[in-house]
$ cat coords-v4.txt   # compact mmCIF, C-alpha atoms and all ligand atoms
# COMPACT_ATOMS: atom_id res chain seq x y z
CA MET A 521 113.46 103.66 58.28
CA TYR A 522 117.10 104.58 58.78
CA VAL A 523 118.80 101.87 60.81
CA PRO A 524 122.35 100.86 59.83
CA SER A 525 122.25 97.14 59.08
CA SER A 526 124.43 95.96 61.94
CA VAL A 527 122.69 98.00 64.59
CA CYS A 528 120.56 96.42 67.25
CA LEU A 529 117.97 98.72 68.80
CA PRO A 530 118.47 98.94 72.54
CA TYR A 531 115.15 100.60 73.32
CA THR A 532 113.99 98.20 76.00
CA LEU A 533 116.76 99.34 78.35
CA CYS A 534 117.68 102.65 79.83
CA MET A 535 119.43 104.34 76.90
CA ARG A 536 122.37 106.68 76.79
CA ILE A 537 121.78 109.11 73.94
CA LEU A 538 124.07 111.64 72.32
CA GLY A 539 121.98 114.71 71.45
CA ILE A 540 122.99 117.34 68.89
CA GLU A 541 121.22 120.70 68.45
CA THR A 542 122.22 123.34 65.89
CA SER A 543 118.92 124.94 64.86
CA CYS A 544 120.00 128.56 65.28
CA ASP A 545 123.09 130.27 66.71
CA GLU A 546 124.07 127.70 69.32
CA THR A 547 126.16 124.59 68.72
CA ALA A 548 125.20 122.07 71.36
CA ALA A 549 125.89 118.45 72.26
CA ALA A 550 124.81 116.46 75.32
CA ILE A 551 124.76 112.96 76.72
CA VAL A 552 121.54 112.02 78.51
CA GLU A 553 120.62 108.75 80.18
CA ASN A 554 117.06 107.53 80.47
CA GLY A 555 115.65 110.79 79.05
CA THR A 556 116.39 112.70 82.24
CA HIS A 557 119.91 112.29 83.64
CA VAL A 558 122.22 114.82 81.97
CA LYS A 559 125.78 113.46 82.01
CA SER A 560 127.17 116.36 80.00
CA CYS A 561 125.66 119.37 78.28
CA VAL A 562 127.96 121.58 76.21
CA ILE A 563 126.81 124.73 74.42
CA SER A 564 128.88 127.07 72.31
CA SER A 565 126.83 130.22 71.84
CA GLN A 566 127.22 132.97 69.28
CA ARG A 567 124.81 135.20 71.23
CA GLN A 568 127.47 137.75 72.15
CA LYS A 569 128.60 138.07 68.56
CA PHE A 570 125.04 138.56 67.27
CA SER A 571 124.15 140.75 70.21
CA ASP A 572 126.56 143.34 68.81
CA ARG A 573 124.85 143.07 65.40
CA GLY A 574 121.27 143.23 66.68
CA GLY A 575 120.24 139.72 65.59
CA VAL A 576 121.29 136.44 63.99
CA ILE A 577 122.80 136.45 60.47
CA PRO A 578 122.02 132.97 59.07
CA GLU A 579 125.12 132.53 56.86
CA ASP A 580 127.44 133.58 59.68
CA ALA A 581 125.63 131.31 62.13
CA ALA A 582 126.10 128.31 59.81
CA ARG A 583 129.79 129.07 59.32
CA GLU A 584 130.30 129.29 63.06
CA GLN A 585 128.45 125.98 63.52
CA VAL A 586 130.99 124.27 61.25
CA LEU A 587 133.86 125.64 63.37
CA CYS A 588 132.30 124.73 66.72
CA MET A 589 130.70 121.33 66.04
CA LEU A 590 133.68 119.02 66.52
CA PRO A 591 135.20 120.83 69.54
CA VAL A 592 131.78 120.83 71.22
CA LEU A 593 131.33 117.11 70.54
CA ARG A 594 134.81 116.32 71.85
CA THR A 595 134.23 118.29 75.07
CA CYS A 596 130.82 116.67 75.52
CA LEU A 597 132.28 113.14 75.34
CA GLU A 598 135.23 114.09 77.57
CA GLU A 599 132.96 115.55 80.24
CA SER A 600 130.69 112.51 80.41
CA GLY A 601 133.58 110.06 80.04
CA ASP A 602 131.78 108.36 77.16
CA THR A 603 133.14 106.64 74.08
CA PRO A 604 131.32 105.68 70.88
CA GLN A 605 130.89 102.18 72.38
CA SER A 606 129.00 103.43 75.44
CA ILE A 607 126.43 105.41 73.44
CA ASP A 608 123.21 103.64 72.42
CA ALA A 609 121.79 106.12 69.90
CA ILE A 610 122.15 109.62 68.45
CA ALA A 611 119.33 112.20 68.42
CA VAL A 612 119.53 115.37 66.36
CA THR A 613 117.30 118.38 65.67
CA LYS A 614 115.85 117.86 62.16
CA GLY A 615 114.00 121.23 62.10
CA PRO A 616 112.62 123.81 62.16
CA GLY A 617 115.37 126.42 62.20
CA LEU A 618 118.01 127.99 60.01
CA LEU A 619 118.70 125.50 57.22
CA GLY A 620 122.47 126.06 57.08
CA SER A 621 122.81 125.62 60.83
CA LEU A 622 120.52 122.58 60.92
CA LEU A 623 122.51 120.88 58.14
CA VAL A 624 125.72 121.09 60.16
CA GLY A 625 124.07 119.18 63.02
CA THR A 626 122.24 116.61 60.93
CA THR A 627 125.21 115.93 58.63
CA THR A 628 127.42 115.40 61.68
CA ALA A 629 124.84 113.13 63.30
CA ARG A 630 124.30 111.09 60.12
CA THR A 631 128.05 110.66 59.69
CA LEU A 632 128.61 109.58 63.31
CA ALA A 633 125.63 107.20 63.16
CA ALA A 634 127.08 105.51 60.08
CA LEU A 635 130.66 105.40 61.45
CA TRP A 636 129.72 104.23 64.94
CA LYS A 637 126.84 102.03 63.74
CA LYS A 638 124.27 103.69 65.97
CA PRO A 639 120.56 104.25 65.38
CA LEU A 640 119.67 107.84 64.52
CA ILE A 641 116.60 109.74 65.76
CA GLY A 642 115.40 112.95 64.07
CA VAL A 643 113.74 115.26 66.61
CA HIS A 644 111.42 118.24 66.05
CA HIS A 645 112.96 121.20 67.90
CA THR A 646 109.70 121.89 69.75
CA LEU A 647 109.48 118.31 71.04
CA GLY A 648 112.94 118.96 72.51
CA HIS A 649 111.62 121.94 74.48
CA LEU A 650 108.55 119.94 75.57
CA SER A 651 110.93 117.30 77.00
CA SER A 652 113.15 119.72 78.92
CA VAL A 653 111.28 119.83 82.24
CA TRP A 654 112.59 116.47 83.49
CA LEU A 655 116.28 117.13 82.83
CA CYS A 656 118.59 117.04 85.86
CA ASP A 657 122.17 116.37 86.87
CA THR A 658 121.46 113.26 88.91
CA ALA A 659 120.08 109.83 88.13
CA GLN A 660 116.89 110.84 89.98
CA PRO A 661 114.73 112.70 87.41
CA ALA A 662 114.04 116.38 87.99
CA ASN A 663 110.54 117.19 89.23
CA SER A 664 110.19 113.50 89.95
CA ASN A 665 108.57 113.52 93.37
CA GLN A 666 105.65 112.15 91.41
CA GLN A 667 105.17 110.55 88.01
CA PRO A 668 104.28 112.92 85.15
CA ALA A 669 100.58 113.62 85.61
CA PHE A 670 99.30 113.56 82.04
CA PRO A 671 97.37 115.27 80.56
CA ILE A 672 99.83 118.14 80.95
CA LEU A 673 99.25 121.68 79.66
CA THR A 674 102.53 122.97 78.23
CA LEU A 675 103.32 126.50 77.10
CA SER A 676 106.30 126.42 74.79
CA ALA A 677 107.48 129.99 74.23
CA SER A 678 110.68 130.86 72.39
CA GLY A 679 112.09 133.23 69.83
CA GLY A 680 110.44 131.24 67.03
CA HIS A 681 107.24 129.90 68.53
CA SER A 682 104.55 130.30 71.19
CA ASP A 683 102.30 127.29 71.46
CA LEU A 684 99.96 125.77 73.96
CA TRP A 685 99.81 121.99 74.07
CA CYS A 686 97.63 119.49 75.87
CA ARG A 687 99.83 116.40 76.07
CA SER A 688 98.52 112.94 76.82
CA SER A 689 102.07 111.53 77.02
CA HIS A 690 105.62 112.74 76.40
CA THR A 691 105.19 112.62 72.62
CA LYS A 692 101.43 112.63 72.07
CA GLY A 693 98.82 115.32 72.39
CA THR A 694 97.00 118.24 70.78
CA LEU A 695 98.04 121.72 69.80
CA LEU A 696 95.48 123.99 71.51
CA GLY A 697 96.75 127.30 70.19
CA SER A 698 99.73 129.02 68.62
CA THR A 699 100.81 132.49 67.66
CA ARG A 700 99.17 134.30 64.74
CA ASP A 701 102.12 136.63 64.23
CA ASP A 702 105.19 137.18 66.41
CA ALA A 703 106.35 134.67 69.01
CA ALA A 704 106.62 135.73 72.66
CA GLY A 705 110.44 135.72 72.52
CA GLU A 706 110.26 137.74 69.32
CA ALA A 707 108.10 140.30 71.14
CA PHE A 708 110.86 140.60 73.74
CA ASP A 709 113.55 140.79 71.03
CA LYS A 710 111.74 143.42 68.93
CA GLY A 711 110.73 145.39 72.02
CA ALA A 712 114.35 145.45 73.19
CA LYS A 713 115.41 146.78 69.80
CA LEU A 714 112.88 149.62 70.07
CA LEU A 715 114.19 150.37 73.56
CA GLY A 716 117.81 150.30 72.41
CA LEU A 717 118.58 147.24 74.51
CA PRO A 718 120.82 144.39 73.30
CA TYR A 719 119.78 141.07 71.70
CA PRO A 720 118.45 138.70 72.93
CA GLY A 721 115.68 140.92 74.19
CA GLY A 722 114.22 138.64 76.90
CA PRO A 723 117.11 138.85 79.34
CA SER A 724 117.80 142.53 78.49
CA ILE A 725 114.19 143.58 79.08
CA ALA A 726 114.01 141.48 82.26
CA LYS A 727 117.14 143.19 83.55
CA ALA A 728 116.01 146.67 82.52
CA ALA A 729 112.63 146.02 84.19
CA GLU A 730 114.17 145.35 87.60
CA GLY A 731 112.96 148.07 89.93
CA GLY A 732 110.50 149.40 87.32
CA ASP A 733 106.78 149.81 87.90
CA PRO A 734 104.87 147.23 85.79
CA HIS A 735 101.72 149.35 86.04
CA ALA A 736 103.34 152.60 84.90
CA HIS A 737 102.10 152.19 81.32
CA ALA A 738 98.95 150.40 80.19
CA PHE A 739 99.20 147.93 77.30
CA PRO A 740 96.19 146.18 75.75
CA LEU A 741 95.51 142.51 76.51
CA PRO A 742 95.76 140.85 73.06
CA LEU A 743 92.83 138.75 71.77
CA ARG A 744 90.84 139.67 74.88
CA ASN A 745 87.50 138.75 73.28
CA ASP A 746 88.78 135.98 71.04
CA PRO A 747 87.53 132.57 72.17
CA SER A 748 90.51 130.70 70.69
CA LEU A 749 93.65 129.80 72.62
CA ASP A 750 95.89 131.53 70.08
CA PHE A 751 98.44 134.22 70.79
CA SER A 752 99.19 137.53 69.10
CA PHE A 753 102.09 139.76 70.04
CA SER A 754 102.46 142.16 67.11
CA GLY A 755 99.91 144.59 68.64
CA LEU A 756 101.97 144.88 71.82
CA LYS A 757 105.04 145.74 69.80
CA THR A 758 103.07 148.43 67.94
CA SER A 759 101.72 149.80 71.24
CA LEU A 760 105.28 150.04 72.50
CA ARG A 761 106.31 151.93 69.38
CA TYR A 762 103.42 154.41 69.83
CA LEU A 763 104.20 154.79 73.52
CA LEU A 764 107.81 155.60 72.75
CA SER A 765 106.88 158.16 70.13
CA ASP A 766 104.24 159.67 72.47
CA LEU A 767 106.85 160.02 75.15
CA GLN A 768 109.26 161.28 72.51
CA PHE A 769 111.43 158.67 73.99
CA CYS A 770 115.08 159.00 73.33
CA THR A 771 117.12 156.21 74.91
CA PRO A 772 120.23 158.03 76.10
CA ASN A 773 118.28 160.92 77.62
CA ALA A 774 115.45 159.09 79.27
CA LEU A 775 117.14 156.40 81.31
CA SER A 776 114.87 156.96 84.27
CA SER A 777 111.79 155.83 82.33
CA ILE A 778 113.31 152.74 80.67
CA GLU A 779 112.76 150.70 83.83
CA ASP A 780 109.04 151.50 83.94
CA ILE A 781 108.52 150.96 80.20
CA ALA A 782 110.43 147.66 80.22
CA ALA A 783 108.55 146.46 83.31
CA SER A 784 105.16 147.41 81.81
CA TYR A 785 105.95 145.78 78.46
CA GLN A 786 107.24 142.60 80.13
CA GLN A 787 104.13 142.51 82.30
CA ALA A 788 101.91 142.83 79.19
CA ILE A 789 103.62 139.89 77.43
CA CYS A 790 103.33 137.75 80.58
CA ALA A 791 99.67 138.76 81.08
CA HIS A 792 98.79 137.54 77.57
CA LEU A 793 100.61 134.22 78.05
CA ILE A 794 98.96 133.65 81.43
CA ASP A 795 95.50 134.66 80.15
CA ARG A 796 95.69 131.88 77.54
CA ILE A 797 96.91 129.31 80.09
CA VAL A 798 94.08 130.16 82.49
CA ARG A 799 91.49 129.98 79.68
CA ALA A 800 92.87 126.56 78.69
CA LEU A 801 92.60 125.30 82.27
CA HIS A 802 88.95 126.42 82.38
CA GLN A 803 88.31 124.36 79.23
CA HIS A 804 90.30 121.26 80.25
CA TYR A 805 89.27 120.28 83.78
CA ASP A 806 91.41 117.14 83.86
CA ILE A 807 94.74 119.00 83.71
CA ARG A 808 96.72 118.79 86.95
CA GLU A 809 100.09 120.05 85.74
CA VAL A 810 101.26 123.11 83.77
CA HIS A 811 104.70 123.25 82.20
CA LEU A 812 106.56 126.34 80.98
CA VAL A 813 109.33 125.59 78.47
CA GLY A 814 111.41 127.41 75.85
CA GLY A 815 113.61 130.49 76.21
CA VAL A 816 110.80 132.67 77.58
CA SER A 817 110.24 130.20 80.45
CA ALA A 818 113.46 131.61 81.94
CA ASN A 819 111.51 134.78 82.76
CA THR A 820 111.12 135.06 86.52
CA VAL A 821 108.19 137.49 86.34
CA LEU A 822 106.30 135.03 84.13
CA ARG A 823 107.00 132.17 86.55
CA ALA A 824 105.98 134.13 89.64
CA THR A 825 102.87 135.70 88.10
CA LEU A 826 101.68 132.35 86.74
CA GLN A 827 102.34 130.65 90.09
CA ALA A 828 100.21 133.32 91.81
CA ALA A 829 97.40 132.94 89.25
CA LEU A 830 97.37 129.15 89.64
CA GLY A 831 97.48 129.40 93.44
CA LYS A 832 94.43 131.65 93.35
CA SER A 833 92.21 129.80 90.89
CA PHE A 834 93.70 126.32 90.44
CA PRO A 835 95.42 125.33 93.71
CA ASN A 836 95.62 121.65 92.70
CA VAL A 837 97.51 122.37 89.49
CA ALA A 838 101.30 122.09 89.79
CA LEU A 839 103.63 124.39 87.87
CA ARG A 840 106.91 123.05 86.52
CA TYR A 841 109.68 124.53 84.41
CA PRO A 842 113.22 123.41 83.57
CA THR A 843 115.48 123.13 86.60
CA LYS A 844 118.29 125.18 85.04
CA LEU A 845 118.27 128.22 82.78
CA ILE A 846 120.36 126.39 80.17
CA TYR A 847 117.53 123.85 79.81
CA CYS A 848 115.06 126.69 79.04
CA THR A 849 117.00 128.04 76.08
CA ASP A 850 118.28 125.91 73.20
CA ASN A 851 120.39 122.95 74.31
CA ALA A 852 121.10 119.40 73.18
CA ALA A 853 120.06 117.62 76.39
CA MET A 854 116.40 118.30 75.55
CA ILE A 855 116.92 116.77 72.08
CA ALA A 856 118.47 113.62 73.61
CA ALA A 857 115.58 113.44 76.10
CA ALA A 858 113.01 113.77 73.30
CA GLY A 859 114.87 111.04 71.40
CA GLU A 860 114.52 108.71 74.39
CA PHE A 861 110.78 109.45 74.76
CA LEU A 862 110.23 108.87 71.02
CA VAL A 863 111.87 105.45 71.29
CA GLN A 864 109.96 104.58 74.47
CA GLU A 865 106.61 105.48 72.89
CA HIS A 866 107.10 104.67 69.20
CA ASP A 867 109.71 101.85 69.11
CA GLU A 868 111.40 101.47 65.70
CA LYS A 869 109.31 104.27 64.20
CA ALA A 870 111.59 106.67 66.11
CA PHE A 871 114.46 105.63 63.85
CA GLU A 872 112.70 106.35 60.55
CA ALA A 873 114.58 108.28 57.89
CA PHE A 874 114.04 112.04 58.03
CA GLU A 875 114.80 115.15 56.05
CA THR A 876 116.50 118.24 57.42
CA THR A 877 113.88 120.98 57.08
CA ALA A 878 113.89 124.70 57.86
CA SER A 879 110.10 124.80 58.18
CA LEU A 880 108.59 121.86 59.94
CA PRO A 881 104.92 122.29 60.92
CA LEU A 882 104.19 122.48 64.62
CA ALA A 883 101.63 119.72 64.25
CA MET A 884 104.51 117.37 63.42
CA ALA A 885 106.20 117.99 66.78
CA ILE A 886 104.11 115.33 68.45
CA ALA A 887 101.96 112.43 67.33
O1 LIG B 901 114.35 128.55 73.07
P1 LIG B 901 115.28 129.61 72.64
O2 LIG B 901 116.67 129.61 73.21
O3 LIG B 901 115.45 129.64 71.07
C1 LIG B 901 114.40 129.45 70.18
O4 LIG B 901 114.00 128.28 69.98
O5 LIG B 901 113.92 130.49 69.67
O6 LIG B 901 114.57 131.00 72.96
C2 LIG B 901 115.17 132.23 72.69
C3 LIG B 901 114.18 133.32 73.05
C4 LIG B 901 114.67 134.72 72.68
O7 LIG B 901 113.64 135.37 71.96
C5 LIG B 901 114.92 135.37 74.02
O8 LIG B 901 114.69 136.76 74.01
C6 LIG B 901 113.96 134.64 74.93
O9 LIG B 901 113.95 133.32 74.47
N1 LIG B 901 114.40 134.67 76.32
C7 LIG B 901 113.71 135.27 77.31
C8 LIG B 901 114.50 135.17 78.48
N2 LIG B 901 115.64 134.47 78.17
C9 LIG B 901 115.56 134.18 76.85
N3 LIG B 901 112.53 135.91 77.28
C10 LIG B 901 112.09 136.44 78.44
N4 LIG B 901 112.80 136.40 79.60
C11 LIG B 901 113.99 135.77 79.67
N5 LIG B 901 114.66 135.75 80.82
ZN ZN B 902 114.26 126.69 70.94

$ encode --input "coords-v4.txt" --output "structure tokens"
Amino acid sequence: MYVPSSVCLPYTLCMRILGIETSCDETAAAIVENGTHVKSCVISSQRQKFSDRGGVIPEDAAREQVLCMLPVLRTCLEESGDTPQSIDAIAVTKGPGLLGSLLVGTTTARTLAALWKKPLIGVHHTLGHLSSVWLCDTAQPANSNQQPAFPILTLSASGGHSDLWCRSSHTKGTLLGSTRDDAAGEAFDKGAKLLGLPYPGGPSIAKAAEGGDPHAHAFPLPLRNDPSLDFSFSGLKTSLRYLLSDLQFCTPNALSSIEDIAASYQQAICAHLIDRIVRALHQHYDIREVHLVGGVSANTVLRATLQAALGKSFPNVALRYPTKLIYCTDNAAMIAAAGEFLVQEHDEKAFEAFETTASLPLAMAIA
């Protein structure tokens, strides 16, 4: 257990946690109170830089993390008006992600924890996303017109993962299914590349799809006859490649059809995600709440189509997703929130020593 000797653990009170997230190409720091109230949330993104290069280059991302970490931390503390004395603990992403980038965050967090004599909480990146739904800018928790109605079915869909969880509490539950190949965000990113659209692919495809006909091109529904709750997106990407070669698609000359292709491809990804959610709800009758989290949860077509599907077949099941787009994609507020929930539910165990790891099994995200 990593607890500096002179530290007392303040976990019985509402905590104010400094969160740090550096798992990929964003350098992020946030101060969150009580696991929900975001006092500051600062993100320095390298997206534009990597957008020009078609994807993230790990060594460059790590180098940029080193340059951005301290300015981001300084701005974060200035915006919340906090000092080292007013912070109760530090939470940091321990993995999975790009090792060089992760090490910048964890080394900074370990150093600050030792200097400021604060307890340190290592957080699985996915648990951060799972905790993002309650984040808000006021002391009143987001989505808090009622207490969290566990068990909650959560789809966590990002560039690196697509998983379906049945959670019995903030940090406990079961992994019902995960992707067998590409993640949903990866399907957007790779699809965008094929279409000649910029990285990250989710927002570019969503934008290109505006005004397009989602039924213009038929894509298969992946794992249609597979009884599991797993995902598979590589077939959709291959179908898109075949479609483009069938159409002898050439981006600069075929602008009129990009809208329809993007809309149909986006619809196919959303249909697969929603098919798995609906199957899960048929198998788990006690679920009264569905959460969408991760970068792909920013997709408005996914939100609207899922809301319609729930309204039709499961009218008593509420749908929730993060209240702001910045809480869908990678941010440090979700890591601070997860840190708070780990302390609330696991006491001192939350402060155990941890390693910084590029590959951290999904099963280790929650207890
Ligand atoms: O959670 P996130 O910021 O980073 C990871 O943990 O991977 O998710 C990034 C992913 C990217 O693949 C991006 O294309 C996707 O989320 N994404 C979206 C949208 N915004 C971001 N996918 C679909 N629609 C969006 N609006
Ligand atoms: Zn993420």

$ closest_residue --input "coords-v4.txt" --among "A:Ala728, A:Ala883, A:Ala788, A:Ala838" --to "Pro668 of chain A" --atoms "all atoms listed in the file"
A:Ala838

$ atom_distance --input "coords-v4.txt" --atom1 "atom CA of Leu619 of chain A" --atom2 "atom CA of Glu541 of chain A"
12.5 Å

$ residues_near_ligand --input "coords-v4.txt" --ligand "ligand ZN 902 (chain B)" --cutoff "7 Å" --atoms "only C-alpha atoms and all ligand atoms" --output "mmCIF file with C-alpha atoms, in the frame of the given file"
data_model
loop_
_atom_site.group_PDB
_atom_site.id
_atom_site.type_symbol
_atom_site.label_atom_id
_atom_site.label_comp_id
_atom_site.auth_asym_id
_atom_site.auth_seq_id
_atom_site.Cartn_x
_atom_site.Cartn_y
_atom_site.Cartn_z
ATOM 1 C CA HIS A 645 112.960 121.200 67.900
ATOM 2 C CA THR A 646 109.700 121.890 69.750
ATOM 3 C CA HIS A 649 111.620 121.940 74.480
ATOM 4 C CA SER A 678 110.680 130.860 72.390
ATOM 5 C CA GLY A 679 112.090 133.230 69.830
ATOM 6 C CA GLY A 814 111.410 127.410 75.850
ATOM 7 C CA GLY A 815 113.610 130.490 76.210
ATOM 8 C CA THR A 849 117.000 128.040 76.080
ATOM 9 C CA ASP A 850 118.280 125.910 73.200
#

$ residues_near_point --input "coords-v4.txt" --point "(125.2, 114.8, 85.7)" --cutoff "9 Å" --atoms "all atoms listed in the file" --output "PyMOL selection string"
chain A and resi 552+557-561+600+656-659

$ closest_atom_pairs --input "coords-v4.txt" --of "segment 839-880 of chain A" --to "segment 805-810 of chain A" --cutoff "9 Å" --atoms "all atoms listed in the file" --output "Markdown table"
| residue | atom | partner | partner_atom | distance |
| --- | --- | --- | --- | --- |
| A:Leu839 | CA | A:Val810 | CA | 4.9 |
| A:Arg840 | CA | A:Val810 | CA | 6.3 |
| A:Tyr841 | CA | A:Val810 | CA | 8.6 |

$ closest_atom_pairs --input "coords-v4.txt" --of "chain A" --to "ligand LIG 901 (chain B)" --cutoff "9 Å" --atoms "all atoms listed in the file" --output "CSV"
residue,atom,partner,partner_atom,distance
A:Ser543,CA,B:LIG901,O4,7.8
A:Cys544,CA,B:LIG901,O3,7.4
A:Asp545,CA,B:LIG901,O3,8.8
A:Glu546,CA,B:LIG901,O2,8.6
A:Gly617,CA,B:LIG901,O4,8.1
A:His645,CA,B:LIG901,O4,7.5
A:Thr646,CA,B:LIG901,O4,7.7
A:His649,CA,B:LIG901,O1,7.3
A:Ser676,CA,B:LIG901,O1,8.5
A:Ala677,CA,B:LIG901,O1,7.1
A:Ser678,CA,B:LIG901,O6,3.9
A:Gly679,CA,B:LIG901,O5,3.3
A:Gly680,CA,B:LIG901,O5,4.4
A:His681,CA,B:LIG901,O5,6.8
A:Ala703,CA,B:LIG901,O7,7.9
A:Ala704,CA,B:LIG901,O7,7.1
A:Gly705,CA,B:LIG901,O7,3.3
A:Glu706,CA,B:LIG901,O7,4.9
A:Ala707,CA,B:LIG901,O7,7.5
A:Phe708,CA,B:LIG901,O8,5.4
A:Asp709,CA,B:LIG901,O8,5.1
A:Lys710,CA,B:LIG901,O7,8.8
A:Ala712,CA,B:LIG901,O8,8.7
A:Tyr719,CA,B:LIG901,O8,7.1
A:Pro720,CA,B:LIG901,O8,4.4
A:Gly721,CA,B:LIG901,O8,4.3
A:Gly722,CA,B:LIG901,N3,3.2
A:Pro723,CA,B:LIG901,N5,4.2
A:Ser724,CA,B:LIG901,N5,7.8
A:Ile725,CA,B:LIG901,N4,7.3
A:Ala726,CA,B:LIG901,N4,5.9
A:Lys727,CA,B:LIG901,N5,8.3
A:Gln786,CA,B:LIG901,C10,8.0
A:Val813,CA,B:LIG901,O1,7.9
A:Gly814,CA,B:LIG901,O1,4.2
A:Gly815,CA,B:LIG901,O9,3.3
A:Val816,CA,B:LIG901,N3,3.7
A:Ser817,CA,B:LIG901,C11,6.8
A:Ala818,CA,B:LIG901,N5,4.5
A:Asn819,CA,B:LIG901,N4,3.8
A:Thr820,CA,B:LIG901,N5,6.7
A:Val821,CA,B:LIG901,N4,8.2
A:Leu822,CA,B:LIG901,N4,8.0
A:Leu845,CA,B:LIG901,N2,8.2
A:Ile846,CA,B:LIG901,O2,8.5
A:Tyr847,CA,B:LIG901,O2,8.8
A:Cys848,CA,B:LIG901,O1,6.3
A:Thr849,CA,B:LIG901,O2,3.3
A:Asp850,CA,B:LIG901,O2,4.0
A:Asn851,CA,B:LIG901,O2,7.7

$ residues_around --input "coords-v4.txt" --residues "Ser752 of chain A" --least-positions-apart "5" --cutoff "10 Å" --atoms "all atoms listed in the file" --output "list in words"
Ser682, Ser698, Thr699, Arg700, Asp701, Asp702, Ala703, Ala704, Ala707, Leu741, Pro742, Leu743, Ile789, His792 and Leu793 of chain A

$ residues_near_point --input "coords-v4.txt" --point "(102.0, 114.0, 67.6)" --cutoff "8 Å" --atoms "only C-alpha atoms" --output "list in words"
Thr691, Lys692, Gly693, Thr694, Ala883, Met884, Ala885, Ile886 and Ala887 of chain A

$ atom_distance --input "coords-v4.txt" --atom1 "atom CA of Asp746 of chain A" --atom2 "atom CA of Ser759 of chain A"
18.9 Å

$ atom_distance --input "coords-v4.txt" --atom1 "atom CA of Pro639 of chain A" --atom2 "atom CA of Pro616 of chain A"
21.4 Å

$ residues_around --input "coords-v4.txt" --residues "Ser621 of chain A" --least-positions-apart "5" --cutoff "10 Å" --atoms "all atoms listed in the file" --output "number ranges by chain"
A: 541-547, 578-586, 615, 626, 878

$ closest_residue --input "coords-v4.txt" --among "A:Leu593, A:Leu618, A:Ile551, A:Ala609" --to "Ile577 of chain A" --atoms "only C-alpha atoms"
A:Leu618
